[in-house]
Structures are given as C-alpha cells and as structure tokens.
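Heads up, model.cif below (mmCIF, C-alpha atoms):
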```cif
data_data
loop_
_atom_site.group_PDB
_atom_site.id
_atom_site.type_symbol
_atom_site.label_atom_id
_atom_site.label_comp_id
_atom_site.auth_asym_id
_atom_site.auth_seq_id
_atom_site.Cartn_x
_atom_site.Cartn_y
_atom_site.Cartn_z
ATOM 1 C CA MET A 1 -27.434 14.261 -15.219
ATOM 2 C CA LEU A 2 -23.965 12.625 -15.418
ATOM 3 C CA PRO A 3 -22.403 14.716 -12.623
ATOM 4 C CA PHE A 4 -25.358 14.051 -10.334
ATOM 5 C CA PHE A 5 -25.018 10.255 -10.552
ATOM 6 C CA LEU A 6 -21.215 10.368 -10.513
ATOM 7 C CA TYR A 7 -21.124 12.454 -7.352
ATOM 8 C CA LEU A 8 -23.957 10.536 -5.702
ATOM 9 C CA ILE A 9 -22.441 7.077 -6.305
ATOM 10 C CA THR A 10 -18.985 8.221 -5.177
ATOM 11 C CA ALA A 11 -20.378 9.888 -2.063
ATOM 12 C CA VAL A 12 -22.274 6.725 -1.112
ATOM 13 C CA LEU A 13 -19.335 4.388 -1.833
ATOM 14 C CA THR A 14 -16.707 6.415 0.000
ATOM 15 C CA GLY A 15 -19.087 7.336 2.814
ATOM 16 C CA PHE A 16 -20.095 3.721 3.401
ATOM 17 C CA HIS A 17 -16.481 2.560 3.205
ATOM 18 C CA VAL A 18 -15.286 5.063 5.812
ATOM 19 C CA TYR A 19 -18.383 4.375 7.915
ATOM 20 C CA THR A 20 -17.489 0.663 8.047
ATOM 21 C CA LEU A 21 -13.944 1.610 9.095
ATOM 22 C CA LEU A 22 -15.314 3.842 11.826
ATOM 23 C CA THR A 23 -17.521 1.032 13.147
ATOM 24 C CA LEU A 24 -14.296 -0.901 13.856
ATOM 25 C CA THR A 25 -13.752 1.522 16.716
ATOM 26 C CA LEU A 26 -16.506 -0.436 18.466
ATOM 27 C CA LEU A 27 -14.097 -3.381 18.386
ATOM 28 C CA GLY A 28 -11.337 -1.306 19.935
ATOM 29 C CA ALA A 29 -9.608 0.029 16.813
ATOM 30 C CA PRO A 30 -8.125 3.520 17.248
ATOM 31 C CA VAL A 31 -9.923 6.423 15.533
ATOM 32 C CA ASN A 32 -8.039 8.065 12.677
ATOM 33 C CA PRO A 33 -9.065 11.768 12.484
ATOM 34 C CA LEU A 34 -8.562 11.667 8.705
ATOM 35 C CA GLU A 35 -11.442 9.175 8.505
ATOM 36 C CA LEU A 36 -13.709 11.862 9.923
ATOM 37 C CA VAL A 37 -12.355 14.394 7.407
ATOM 38 C CA SER A 38 -13.074 11.904 4.625
ATOM 39 C CA LEU A 39 -16.589 11.327 5.923
ATOM 40 C CA LEU A 40 -17.180 15.085 5.813
ATOM 41 C CA GLY A 41 -15.866 15.039 2.248
ATOM 42 C CA SER A 42 -18.420 12.369 1.336
ATOM 43 C CA LEU A 43 -21.161 14.522 2.817
ATOM 44 C CA ALA A 44 -19.922 17.535 0.834
ATOM 45 C CA LEU A 45 -19.913 15.413 -2.332
ATOM 46 C CA LEU A 46 -23.491 14.391 -1.640
ATOM 47 C CA ILE A 47 -24.409 18.045 -1.349
ATOM 48 C CA ALA A 48 -22.503 18.722 -4.585
ATOM 49 C CA ALA A 49 -24.636 16.064 -6.310
ATOM 50 C CA TYR A 50 -27.793 18.023 -5.504
ATOM 51 C CA ILE A 51 -26.204 21.368 -6.373
ATOM 52 C CA SER A 52 -25.350 19.870 -9.775
ATOM 53 C CA LEU A 53 -29.078 19.663 -10.531
ATOM 54 C CA PHE A 54 -29.186 23.467 -10.450
ATOM 55 C CA ASN A 55 -25.670 24.694 -11.242
ATOM 56 C CA PRO A 56 -23.199 22.021 -12.414
ATOM 57 C CA TYR A 57 -20.226 24.385 -12.455
ATOM 58 C CA ILE A 58 -20.525 25.433 -8.819
ATOM 59 C CA ALA A 59 -21.189 21.790 -7.972
ATOM 60 C CA ALA A 60 -17.932 20.801 -9.670
ATOM 61 C CA ARG A 61 -15.990 23.188 -7.438
ATOM 62 C CA VAL A 62 -17.684 21.876 -4.309
ATOM 63 C CA ALA A 63 -17.014 18.325 -5.517
ATOM 64 C CA LEU A 64 -13.347 19.114 -6.100
ATOM 65 C CA LEU A 65 -12.974 20.432 -2.543
ATOM 66 C CA ALA A 66 -14.792 17.356 -1.242
ATOM 67 C CA CYS A 67 -12.435 15.102 -3.187
ATOM 68 C CA LEU A 68 -9.397 16.847 -1.718
ATOM 69 C CA ALA A 69 -10.790 16.207 1.761
ATOM 70 C CA MET A 70 -11.310 12.536 0.928
ATOM 71 C CA TRP A 71 -7.848 12.161 -0.605
ATOM 72 C CA SER A 72 -6.389 13.378 2.696
ATOM 73 C CA PHE A 73 -7.426 9.996 4.026
ATOM 74 C CA TYR A 74 -7.175 7.788 0.930
ATOM 75 C CA ALA A 75 -3.770 8.996 -0.334
ATOM 76 C CA PRO A 76 -1.833 8.135 2.864
ATOM 77 C CA ALA A 77 -3.783 4.871 3.106
ATOM 78 C CA ILE A 78 -2.832 3.876 -0.453
ATOM 79 C CA ALA A 79 0.785 4.940 0.107
ATOM 80 C CA LYS A 80 0.989 2.869 3.282
ATOM 81 C CA SER A 81 -0.536 -0.110 1.518
ATOM 82 C CA ILE A 82 2.015 0.139 -1.317
ATOM 83 C CA ARG A 83 4.935 0.594 1.091
ATOM 84 C CA SER A 84 3.945 -2.539 2.963
ATOM 85 C CA GLY A 85 4.100 -4.450 -0.330
ATOM 86 C CA GLY A 86 0.424 -5.307 -0.349
ATOM 87 C CA GLU A 87 0.810 -7.082 2.961
ATOM 88 C CA LYS A 88 -2.592 -8.067 4.286
ATOM 89 C CA PRO A 89 -3.669 -7.176 7.796
ATOM 90 C CA ALA A 90 -2.508 -9.648 10.355
ATOM 91 C CA ALA A 91 -5.896 -11.272 10.524
ATOM 92 C CA ALA A 92 -5.927 -12.463 6.919
ATOM 93 C CA SER A 93 -2.256 -13.269 6.357
ATOM 94 C CA PHE A 94 -1.971 -15.114 9.603
ATOM 95 C CA LEU A 95 -4.649 -17.606 8.579
ATOM 96 C CA PHE A 96 -2.587 -18.877 5.676
ATOM 97 C CA LEU A 97 1.004 -18.258 6.676
ATOM 98 C CA THR A 98 1.295 -19.710 10.119
ATOM 99 C CA PRO A 99 0.801 -23.223 11.438
ATOM 100 C CA ARG A 100 -2.512 -23.760 13.139
ATOM 101 C CA ASP A 101 -1.174 -25.186 16.373
ATOM 102 C CA PRO A 102 -0.796 -22.347 18.936
ATOM 103 C CA ALA A 103 1.735 -24.406 20.872
ATOM 104 C CA LYS A 104 4.089 -24.359 17.856
ATOM 105 C CA ARG A 105 3.459 -20.712 17.190
ATOM 106 C CA ASN A 106 4.028 -19.795 20.803
ATOM 107 C CA ALA A 107 7.203 -21.829 21.215
ATOM 108 C CA LYS A 108 9.406 -18.700 21.066
ATOM 109 C CA PHE A 109 7.577 -16.880 23.854
ATOM 110 C CA MET B 110 -13.643 -6.561 0.055
ATOM 111 C CA THR B 111 -14.029 -4.792 -3.293
ATOM 112 C CA LEU B 112 -15.652 -1.743 -1.709
ATOM 113 C CA PRO B 113 -12.355 0.142 -1.095
ATOM 114 C CA TYR B 114 -11.255 -0.422 -4.704
ATOM 115 C CA PHE B 115 -14.556 0.848 -6.107
ATOM 116 C CA ALA B 116 -14.435 3.815 -3.727
ATOM 117 C CA ILE B 117 -10.920 4.750 -4.860
ATOM 118 C CA VAL B 118 -11.711 4.319 -8.579
ATOM 119 C CA PHE B 119 -14.845 6.474 -8.346
ATOM 120 C CA LEU B 120 -13.021 9.029 -6.204
ATOM 121 C CA ALA B 121 -10.287 9.319 -8.848
ATOM 122 C CA LEU B 122 -12.925 9.676 -11.570
ATOM 123 C CA VAL B 123 -14.791 12.414 -9.695
ATOM 124 C CA THR B 124 -11.553 14.252 -8.913
ATOM 125 C CA LEU B 125 -10.572 14.296 -12.587
ATOM 126 C CA TYR B 126 -14.075 15.175 -13.747
ATOM 127 C CA SER B 127 -14.708 17.944 -11.215
ATOM 128 C CA GLY B 128 -11.226 19.348 -11.763
ATOM 129 C CA PHE B 129 -11.786 19.381 -15.516
ATOM 130 C CA VAL B 130 -15.178 21.092 -15.219
ATOM 131 C CA SER B 131 -14.060 23.545 -12.510
ATOM 132 C CA PHE B 132 -11.228 24.953 -14.563
ATOM 133 C CA ARG B 133 -13.150 25.147 -17.813
ATOM 134 C CA GLU B 134 -15.166 28.089 -19.012
ATOM 135 C CA GLN B 135 -18.920 27.722 -18.922
ATOM 136 C CA GLN B 136 -20.446 26.791 -22.235
ATOM 137 C CA ASP B 137 -23.364 28.603 -23.754
ATOM 138 C CA ALA B 138 -26.729 26.986 -23.130
ATOM 139 C CA SER B 139 -27.183 25.797 -26.718
ATOM 140 C CA ALA B 140 -24.044 23.637 -26.774
ATOM 141 C CA LYS B 141 -24.933 19.974 -26.294
ATOM 142 C CA ASN B 142 -22.398 17.682 -24.759
ATOM 143 C CA TRP B 143 -23.069 14.643 -22.601
ATOM 144 C CA ILE B 144 -19.828 14.994 -20.628
ATOM 145 C CA LEU B 145 -19.894 18.693 -19.857
ATOM 146 C CA PRO B 146 -22.763 19.511 -17.570
ATOM 147 C CA LYS B 147 -25.985 21.254 -18.263
ATOM 148 C CA ALA B 148 -28.497 21.548 -15.463
ATOM 149 C CA PRO B 149 -31.424 19.185 -16.134
ATOM 150 C CA GLY B 150 -34.906 20.509 -16.768
ATOM 151 C CA GLY B 151 -37.471 21.121 -14.029
ATOM 152 C CA PRO B 152 -39.407 17.794 -14.021
ATOM 153 C CA ALA B 153 -36.275 15.643 -14.299
ATOM 154 C CA ARG B 154 -34.634 17.631 -11.516
ATOM 155 C CA ILE B 155 -37.615 17.150 -9.209
ATOM 156 C CA ILE B 156 -38.024 13.420 -9.940
ATOM 157 C CA VAL B 157 -34.324 12.584 -9.565
ATOM 158 C CA GLY B 158 -33.851 14.782 -6.510
ATOM 159 C CA ILE B 159 -36.858 13.507 -4.570
ATOM 160 C CA SER B 160 -36.406 9.818 -5.490
ATOM 161 C CA SER B 161 -32.716 9.848 -4.486
ATOM 162 C CA VAL B 162 -33.508 11.554 -1.174
ATOM 163 C CA VAL B 163 -36.200 8.933 -0.471
ATOM 164 C CA ILE B 164 -33.826 6.063 -1.319
ATOM 165 C CA LEU B 165 -30.945 7.455 0.763
ATOM 166 C CA THR B 166 -33.247 8.117 3.723
ATOM 167 C CA ALA B 167 -34.687 4.594 3.526
ATOM 168 C CA VAL B 168 -31.189 3.069 3.451
ATOM 169 C CA ALA B 169 -30.067 5.229 6.397
ATOM 170 C CA ILE B 170 -33.140 4.231 8.450
ATOM 171 C CA TRP B 171 -32.653 0.549 7.592
ATOM 172 C CA MET B 172 -28.986 0.687 8.630
ATOM 173 C CA GLY B 173 -29.846 2.604 11.802
ATOM 174 C CA LEU B 174 -32.495 0.084 12.810
ATOM 175 C CA GLY B 175 -30.124 -2.795 12.088
ATOM 176 C CA THR B 176 -27.478 -1.287 14.361
ATOM 177 C CA ARG B 177 -29.975 -0.611 17.132
ATOM 178 C CA HIS B 178 -31.357 -4.154 17.109
ATOM 179 C CA SER B 179 -27.978 -5.886 17.066
ATOM 180 C CA SER B 180 -26.766 -6.739 20.544
ATOM 181 C CA VAL B 181 -23.212 -5.905 21.547
ATOM 182 C CA ARG B 182 -21.138 -8.883 22.620
ATOM 183 C CA SER B 183 -19.485 -8.506 25.993
ATOM 184 C CA TRP B 184 -16.910 -11.147 26.830
ATOM 185 C CA ARG B 185 -14.269 -11.156 29.533
ATOM 186 C CA PHE B 186 -11.004 -12.882 28.701
ATOM 187 C CA LEU B 187 -8.898 -13.903 31.705
ATOM 188 C CA ILE B 188 -5.311 -14.499 30.610
ATOM 189 C CA PRO B 189 -2.573 -15.898 32.858
ATOM 190 C CA GLU B 190 -0.274 -13.145 34.167
ATOM 191 C CA GLY B 191 2.726 -12.698 31.885
ATOM 192 C CA TYR B 192 1.301 -14.819 29.054
ATOM 193 C CA THR B 193 2.639 -13.849 25.601
ATOM 194 C CA GLY B 194 1.579 -15.499 22.368
ATOM 195 C CA TRP B 195 -1.481 -16.609 20.489
ATOM 196 C CA VAL B 196 -4.737 -17.483 22.201
ATOM 197 C CA ARG B 197 -7.360 -19.612 20.490
ATOM 198 C CA ILE B 198 -10.933 -20.316 21.505
ATOM 199 C CA GLU B 199 -12.604 -23.211 19.665
ATOM 200 C CA PHE B 200 -16.388 -23.217 19.616
ATOM 201 C CA GLU B 201 -19.139 -25.835 19.340
ATOM 202 C CA ILE B 202 -16.908 -28.664 20.538
ATOM 203 C CA GLN B 203 -18.967 -31.625 21.679
ATOM 204 C CA ASN B 204 -18.586 -32.654 25.336
ATOM 205 C CA ALA B 205 -16.578 -29.507 26.094
ATOM 206 C CA PRO B 206 -17.844 -27.224 28.893
ATOM 207 C CA SER B 207 -19.970 -24.220 28.021
ATOM 208 C CA LEU B 208 -18.736 -20.714 28.790
ATOM 209 C CA PRO B 209 -19.830 -19.451 32.212
ATOM 210 C CA ASN B 210 -22.200 -16.508 32.049
ATOM 211 C CA GLU B 211 -22.048 -14.039 34.936
ATOM 212 C CA GLY B 212 -24.631 -11.283 34.798
ATOM 213 C CA GLY B 213 -24.954 -11.451 31.025
ATOM 214 C CA GLN B 214 -21.203 -11.432 30.467
ATOM 215 C CA PHE B 215 -19.366 -14.546 29.341
ATOM 216 C CA THR B 216 -16.055 -15.233 31.037
ATOM 217 C CA ILE B 217 -13.343 -17.138 29.187
ATOM 218 C CA THR B 218 -10.443 -18.284 31.328
ATOM 219 C CA ILE B 219 -7.409 -18.975 29.175
ATOM 220 C CA PRO B 220 -5.136 -21.779 30.408
ATOM 221 C CA ALA B 221 -1.343 -21.644 30.184
ATOM 222 C CA GLY B 222 -1.463 -23.506 26.846
ATOM 223 C CA GLY B 223 -3.474 -20.740 25.202
ATOM 224 C CA VAL B 224 -6.252 -22.964 23.817
ATOM 225 C CA VAL B 225 -9.828 -23.065 25.123
ATOM 226 C CA ARG B 226 -12.433 -25.524 23.841
ATOM 227 C CA THR B 227 -16.081 -24.884 24.540
ATOM 228 C CA SER B 228 -19.472 -26.180 23.473
ATOM 229 C CA SER B 229 -20.788 -22.602 23.361
ATOM 230 C CA SER B 230 -21.356 -20.858 20.051
ATOM 231 C CA GLU B 231 -19.361 -17.992 18.634
ATOM 232 C CA GLN B 232 -21.056 -14.566 18.736
ATOM 233 C CA TYR B 233 -20.448 -12.212 15.851
ATOM 234 C CA GLY B 234 -21.039 -8.482 15.529
ATOM 235 C CA PRO B 235 -20.121 -5.444 17.581
ATOM 236 C CA ALA B 236 -18.154 -6.354 20.678
ATOM 237 C CA ASN B 237 -17.220 -4.771 23.941
ATOM 238 C CA ASP B 238 -14.696 -7.370 25.067
ATOM 239 C CA GLN B 239 -12.446 -6.948 28.065
ATOM 240 C CA TYR B 240 -9.069 -8.549 28.667
ATOM 241 C CA PHE B 241 -7.400 -9.170 32.005
ATOM 242 C CA TYR B 242 -4.153 -10.674 33.231
ATOM 243 C CA TYR B 243 -4.961 -12.783 36.269
ATOM 244 C CA SER B 244 -2.838 -14.287 39.002
ATOM 245 C CA ALA B 245 -3.515 -15.679 42.467
ATOM 246 C CA GLN B 246 -3.161 -12.188 43.917
ATOM 247 C CA GLU B 247 -4.846 -9.848 41.455
ATOM 248 C CA MET B 248 -6.524 -9.223 38.137
ATOM 249 C CA ARG B 249 -5.445 -6.281 35.986
ATOM 250 C CA PRO B 250 -6.940 -5.026 32.711
ATOM 251 C CA LEU B 251 -4.930 -5.205 29.503
ATOM 252 C CA PRO B 252 -4.821 -2.172 27.184
ATOM 253 C CA VAL B 253 -6.339 -2.949 23.786
ATOM 254 C CA THR B 254 -5.704 0.367 22.023
ATOM 255 C CA GLY B 255 -2.916 2.919 21.816
ATOM 256 C CA LYS B 256 0.841 2.464 21.836
ATOM 257 C CA GLY B 257 0.838 0.225 24.856
ATOM 258 C CA ALA B 258 -1.819 -2.144 23.476
ATOM 259 C CA LEU B 259 -1.281 -5.798 24.308
ATOM 260 C CA ILE B 260 -4.043 -7.394 22.199
ATOM 261 C CA TRP B 261 -3.467 -7.789 18.435
ATOM 262 C CA GLY B 262 -4.611 -9.602 15.324
ATOM 263 C CA LYS B 263 -8.033 -10.699 16.482
ATOM 264 C CA ILE B 264 -9.706 -12.988 13.975
ATOM 265 C CA ASN B 265 -12.683 -15.273 13.629
ATOM 266 C CA GLY B 266 -12.429 -18.270 11.381
ATOM 267 C CA GLU B 267 -13.449 -21.769 10.499
ATOM 268 C CA ALA B 268 -10.965 -24.608 10.105
ATOM 269 C CA GLN B 269 -11.445 -28.062 8.624
ATOM 270 C CA GLY B 270 -10.036 -30.758 10.873
ATOM 271 C CA ALA B 271 -10.318 -34.509 11.400
ATOM 272 C CA SER B 272 -13.428 -33.966 13.499
ATOM 273 C CA GLY B 273 -15.090 -31.706 10.948
ATOM 274 C CA LYS B 274 -15.386 -27.950 10.792
ATOM 275 C CA ARG B 275 -14.320 -25.931 13.806
ATOM 276 C CA LYS B 276 -15.213 -22.340 14.459
ATOM 277 C CA PHE B 277 -12.555 -20.467 16.312
ATOM 278 C CA GLU B 278 -11.453 -17.046 17.456
ATOM 279 C CA GLU B 279 -7.839 -16.053 17.920
ATOM 280 C CA PHE B 280 -5.850 -13.080 19.096
ATOM 281 C CA PHE B 281 -2.289 -12.302 20.038
ATOM 282 C CA VAL B 282 -1.234 -11.201 23.494
ATOM 283 C CA GLY B 283 1.960 -9.157 23.611
ATOM 284 C CA THR B 284 3.531 -5.936 22.446
ATOM 285 C CA GLU B 285 3.164 -4.602 18.914
ATOM 286 C CA GLN B 286 6.802 -5.433 18.230
ATOM 287 C CA GLN B 287 6.328 -9.054 19.335
ATOM 288 C CA PHE B 288 3.202 -9.331 17.204
ATOM 289 C CA LYS B 289 4.880 -7.960 14.083
ATOM 290 C CA SER B 290 8.060 -9.965 14.540
ATOM 291 C CA GLN B 291 6.249 -13.307 14.757
ATOM 292 C CA LEU B 292 4.158 -12.480 11.664
ATOM 293 C CA LYS B 293 7.311 -12.137 9.585
ATOM 294 C CA GLU B 294 8.547 -15.605 10.505
#
```

Using the file provided, produce a representation of the structure as structure tokens.
Amino acid sequence: MLPFFLYLITAVLTGFHVYTLLTLTLLGAPVNPLELVSLLGSLALLIAAYISLFNPYIAARVALLACLAMWSFYAPAIAKSIRSGGEKPAAASFLFLTPRDPAKRNAKF
Amino acid sequence: MTLPYFAIVFLALVTLYSGFVSFREQQDASAKNWILPKAPGGPARIIVGISSVVILTAVAIWMGLGTRHSSVRSWRFLIPEGYTGWVRIEFEIQNAPSLPNEGGQFTITIPAGGVVRTSSSEQYGPANDQYFYYSAQEMRPLPVTGKGALIWGKINGEAQGASGKRKFEEFFVGTEQQFKSQLKE
C-alpha cells in the first residue's frame, strides 16, 4: 500500500503545483512547455499509483519515467532559483526593499 | 507558499523509491517487507481504488465549478505615452472618484505622476487586463508578454499608513532591463 499512497500524494502535489503555475497564464505569464511535460508526468504518476495496486514493480517503472518527466521542469527551476541566490520574484522583494513612494522610485526615469 | 517545497521533497522521495524498486529483483510472494511492494489483497485494492477515485473526482469537480463561477476581471489601464516607472493604484480611498465603468470594463487613467487614488474596491482573481499608451493623437496597446513586454512586477498589497490600511496594486512600465536594474538598487 506504501507505493500507492506515495505515488498518489506526489502526483496530486506536483500536479496541483504546476496547475497553479499554468493558471498564471491567465494573468499574462508566458507558458513554459516544460510545465506541460511535468503535468503529464503527474498524470503518469497517478496512473502508476493505480497500477501499483496490481503490479508494484511495473508501477515503479512507470513512476520512474513519470518522475524523469517532472524533473525536466523542476530541475531547471531549482537550478535557476539557486543561481539567483534565492532572490524572490519582483513582486515579493519589491514590497520590502524599495521605498513606497512611486515618485522617489521613479526619479531615475 | 510551502506547496513547491512539499512537491519537490515528495518528488525526490518517489524518484529514489521507484528507482530502487525498478532496479531490484522481484521478491518471492512469501517475503514480507513494508518498504518493498506487494500488491494488496482484493478487498483492500477495491476499497482504496474506488475511494481515491471518488475523492479525486470530487476535488476536480469542486475546482472546476469554482473556476467557472469566478468572474474574470477586465480592466483597461491608460498610461501616458512614453511613461516609464512604477504605477500605483490605491483603492477604497474616501472622497476619491470611483473608477469609470464602460460596458462592464473599468478604465483607469494613469496621470503623469503614476499614482491613482480611487474609492472603488480592488478585484482579485483571474484577470484579462489591457494596457495602453495614450496621447492626444492615439492610443496604442502595450505588450505584456514575450521579449518586448513592457509591463512587469504586478503586485497587490496592503500598506499601513497614517490614514489606516490602504489596498493597492502596482506594476512597472518599461523594458525588462529597466525593471531588473531598478530592482537591484
């Protein structure tokens, strides 16, 4: 039963995470094709969870392939995050690092 | 905000686990081990399988209905031609004018100073906002995506001031290079 719950929880977590990122496209964010690959990986992992109820060894192989698909998105994302020194997106850092008066902020433009 | 961390931790766990199981020889059916998998028995398989499908379907329907019922915000931002810098819209300001609504679409005209104060309320959720540079002669749309995008760093927030809490929305108008350079300062 362990593989079933492990695969199911991971599929839901990663799938929901990438789904929330994809909804940002409604706000004008560009679509990253690797997000779609990762979403497919989550779906494959969900399928692997159900296969594990019948044949855990085949399910493990499907899950491994699904994980590779998901890492194609997560690995570059983690690498980029580390390279930027944990820098937050503009939205968050800007709140705390810049003065609140737009006139001061805009003085250079 | 913890969702990505949990997702990555579980993904790493599953990768290690599935890799370990995939490259290991199958055990005989009598060997008992809680880590290495054995297919569950018939009743357990049916109960777990059906209940998880029901739960996942219910969650998917609930999320789908939530998305369908949420209205998409559609605002039109009119920015002075050539303006570069931060724009801020402050909401729920007493005695300030409300935002004009034309055919269901709110229009926000940004003055040269970049700050707009309105008595109208902020609208959260999915948005289909449009941005235009305007001048006496013409109005031209601003790109919001791609390499030539001119809108960056959009945020919603709440600030504590002398007159109490203020809800505001901000975004940067300019090139990506201008946006990044001013963030570093």

Which value, in Å to one decimal, gives the distance between atom CA of Leu21 of chain A and atom CA of Ile78 of chain A?
->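 Interatomic distance, atom CA of Leu21 of chain A to atom CA of Ile78 of chain A: 14.8 Å.
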
Around the point (-2.3, -15.7, 18.5) in the file's coordinates, collect all residues with an atom within 7 Å, using all atoms listed in the file, and return them as a VMD selection string.
-> (chain A and resid 102) or (chain B and resid 194 to 197 279 to 282)

Step by step, work through what the PyMOL selection byres ((chain A and resi 42-46) around 7) selects in the shown file, and finish by giving those residues as a PyMOL selection string.
-> chain A and resi 7-8+11+14-15+38-41+47-50+63+66

Compile a residue-level contact table for chain B against chain A at a cut-off of 8 Å, reporting for every qualifying residue the shortest atom pair and its distance in Å to one decimal, with only C-alpha atoms counted, rows ordered by chain and ascending number, as a Markdown table.
```
| residue | atom | partner | partner_atom | distance |
| --- | --- | --- | --- | --- |
| B:Leu112 | CA | A:His17 | CA | 6.6 |
| B:Pro113 | CA | A:His17 | CA | 6.4 |
| B:Phe115 | CA | A:Leu13 | CA | 7.3 |
| B:Ala116 | CA | A:Thr14 | CA | 5.1 |
| B:Ile117 | CA | A:Tyr74 | CA | 7.5 |
| B:Phe119 | CA | A:Thr10 | CA | 5.5 |
| B:Leu120 | CA | A:Thr10 | CA | 6.1 |
| B:Val123 | CA | A:Tyr7 | CA | 6.8 |
| B:Thr124 | CA | A:Cys67 | CA | 5.9 |
| B:Tyr126 | CA | A:Ala60 | CA | 7.9 |
| B:Ser127 | CA | A:Ala60 | CA | 4.6 |
| B:Gly128 | CA | A:Leu64 | CA | 6.1 |
| B:Val130 | CA | A:Ala60 | CA | 6.2 |
| B:Ser131 | CA | A:Arg61 | CA | 5.4 |
| B:Gln135 | CA | A:Tyr57 | CA | 7.4 |
| B:Trp143 | CA | A:Leu2 | CA | 7.5 |
| B:Ile144 | CA | A:Leu2 | CA | 7.1 |
| B:Pro146 | CA | A:Pro56 | CA | 5.8 |
| B:Lys147 | CA | A:Pro56 | CA | 6.5 |
| B:Ala148 | CA | A:Leu53 | CA | 5.3 |
| B:Pro149 | CA | A:Leu53 | CA | 6.1 |
| B:Arg154 | CA | A:Leu53 | CA | 6.0 |
| B:Gly158 | CA | A:Tyr50 | CA | 6.9 |
| B:Thr193 | CA | A:Phe109 | CA | 6.1 |
| B:Gly194 | CA | A:Asn106 | CA | 5.2 |
| B:Trp195 | CA | A:Pro102 | CA | 6.0 |
| B:Val196 | CA | A:Pro102 | CA | 7.1 |
| B:Arg197 | CA | A:Pro102 | CA | 7.3 |
| B:Gly222 | CA | A:Ala103 | CA | 6.8 |
| B:Gly223 | CA | A:Pro102 | CA | 7.0 |
| B:Val224 | CA | A:Pro102 | CA | 7.3 |
| B:Pro235 | CA | A:Leu26 | CA | 6.2 |
| B:Ala236 | CA | A:Leu27 | CA | 5.5 |
| B:Asn237 | CA | A:Leu27 | CA | 6.5 |
| B:Asp238 | CA | A:Leu27 | CA | 7.8 |
| B:Val253 | CA | A:Gly28 | CA | 6.5 |
| B:Thr254 | CA | A:Pro30 | CA | 6.2 |
| B:Gly255 | CA | A:Pro30 | CA | 7.0 |
| B:Gly262 | CA | A:Ala91 | CA | 5.2 |
| B:Lys263 | CA | A:Ala91 | CA | 6.4 |
| B:Ile264 | CA | A:Ala91 | CA | 5.4 |
| B:Leu292 | CA | A:Phe94 | CA | 7.0 |
```

Expressed in Å, the length from atom CA of Gly266 of chain B to atom CA of Gln232 of chain B is 11.9 Å

Would you work out the distance separating atom CA of Ser290 of chain B from atom CA of Phe241 of chain B, expressed in Å to one decimal?
-> 23.3 Å

Please return, as a VMD selection string, all polymer residues that have at least one atom within 6 Å of the point (-7.9, -5.3, 31.7); use all atoms listed in the file and the file's own coordinate frame.
-> chain B and resid 240 to 241 249 to 251

Given only C-alpha atoms as the counted atoms, nearest of B:Phe132, B:Phe200, B:Tyr192, B:Tyr233 to Gly283 of chain B |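 The answer is B:Tyr192, which sits nearest to Gly283 of chain B.
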
Find the residue from B:Phe129, B:Phe215, B:Tyr114, B:Phe288 that sits nearest to Ala258 of chain B; use all atoms listed in the file when measuring.
->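 Among the listed residues, the smallest separation from Ala258 of chain B belongs to B:Phe288.
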
With distances taken over all atoms listed in the file, the candidate from B:Ile260, B:Leu187, B:Ala268, B:Leu165 nearest Ile219 of chain B is B:Leu187

Mind giving me the axis-aligned box for segment 43-59 of chain A with 6 Å on every side, centre plus edges in Å to one decimal, as AutoDock Vina command-line options?
```
--center_x -24.5 --center_y 19.9 --center_z -4.8 --size_x 21.3 --size_y 23.0 --size_z 27.3
```

Run the PyMOL selection byres ((chain B and resi 216) around 8) on the file and write out the hits as a list in words.
->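 Output from the PyMOL selection byres ((chain B and resi 216) around 8), applied to this file: Trp184, Arg185, Phe186, Leu187, Leu208, Pro209, Asn210, Glu211, Gln214, Phe215, Ile217 and Thr218 of chain B.
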
Determine the residue set returned by the PyMOL selection byres ((chain B and resi 230) around 6) for the present structure, and present it as a list in words.
->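 Evaluating the PyMOL selection byres ((chain B and resi 230) around 6) on this file yields Phe200, Glu201, Ser229 and Glu231 of chain B.
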
Since fewer atoms than expected are present, regenerate N, CA and C atoms for segment 199-211 of chain B and write them as a PDB file, in the coordinates of the input.
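What landed in part_11.pdb:
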```
ATOM      1  N   GLU B 199     -11.897 -22.376  20.640  1.00  0.00           N
ATOM      2  CA  GLU B 199     -12.604 -23.211  19.665  1.00  0.00           C
ATOM      3  C   GLU B 199     -14.030 -23.403  20.150  1.00  0.00           C
ATOM      4  N   PHE B 200     -14.976 -23.192  19.252  1.00  0.00           N
ATOM      5  CA  PHE B 200     -16.388 -23.217  19.616  1.00  0.00           C
ATOM      6  C   PHE B 200     -17.089 -24.474  19.107  1.00  0.00           C
ATOM      7  N   GLU B 201     -18.240 -24.747  19.738  1.00  0.00           N
ATOM      8  CA  GLU B 201     -19.139 -25.835  19.340  1.00  0.00           C
ATOM      9  C   GLU B 201     -18.423 -27.185  19.340  1.00  0.00           C
ATOM     10  N   ILE B 202     -17.599 -27.396  20.362  1.00  0.00           N
ATOM     11  CA  ILE B 202     -16.908 -28.664  20.538  1.00  0.00           C
ATOM     12  C   ILE B 202     -17.773 -29.555  21.430  1.00  0.00           C
ATOM     13  N   GLN B 203     -18.110 -30.712  20.910  1.00  0.00           N
ATOM     14  CA  GLN B 203     -18.967 -31.625  21.679  1.00  0.00           C
ATOM     15  C   GLN B 203     -18.263 -32.068  22.962  1.00  0.00           C
ATOM     16  N   ASN B 204     -19.045 -32.192  24.013  1.00  0.00           N
ATOM     17  CA  ASN B 204     -18.586 -32.654  25.336  1.00  0.00           C
ATOM     18  C   ASN B 204     -17.653 -31.658  26.043  1.00  0.00           C
ATOM     19  N   ALA B 205     -17.393 -30.532  25.419  1.00  0.00           N
ATOM     20  CA  ALA B 205     -16.578 -29.507  26.094  1.00  0.00           C
ATOM     21  C   ALA B 205     -17.505 -28.659  26.967  1.00  0.00           C
ATOM     22  N   PRO B 206     -16.981 -28.049  28.026  1.00  0.00           N
ATOM     23  CA  PRO B 206     -17.844 -27.224  28.893  1.00  0.00           C
ATOM     24  C   PRO B 206     -18.311 -25.958  28.180  1.00  0.00           C
ATOM     25  N   SER B 207     -19.488 -25.479  28.598  1.00  0.00           N
ATOM     26  CA  SER B 207     -19.970 -24.220  28.021  1.00  0.00           C
ATOM     27  C   SER B 207     -19.311 -23.049  28.759  1.00  0.00           C
ATOM     28  N   LEU B 208     -19.358 -21.888  28.166  1.00  0.00           N
ATOM     29  CA  LEU B 208     -18.736 -20.714  28.790  1.00  0.00           C
ATOM     30  C   LEU B 208     -19.612 -20.222  29.933  1.00  0.00           C
ATOM     31  N   PRO B 209     -19.021 -19.963  31.091  1.00  0.00           N
ATOM     32  CA  PRO B 209     -19.830 -19.451  32.212  1.00  0.00           C
ATOM     33  C   PRO B 209     -20.329 -18.033  31.941  1.00  0.00           C
ATOM     34  N   ASN B 210     -21.583 -17.822  32.268  1.00  0.00           N
ATOM     35  CA  ASN B 210     -22.200 -16.508  32.049  1.00  0.00           C
ATOM     36  C   ASN B 210     -22.491 -15.869  33.402  1.00  0.00           C
ATOM     37  N   GLU B 211     -21.847 -14.734  33.655  1.00  0.00           N
ATOM     38  CA  GLU B 211     -22.048 -14.039  34.936  1.00  0.00           C
ATOM     39  C   GLU B 211     -22.665 -12.678  34.656  1.00  0.00           C
TER      40      GLU B 211
END
```
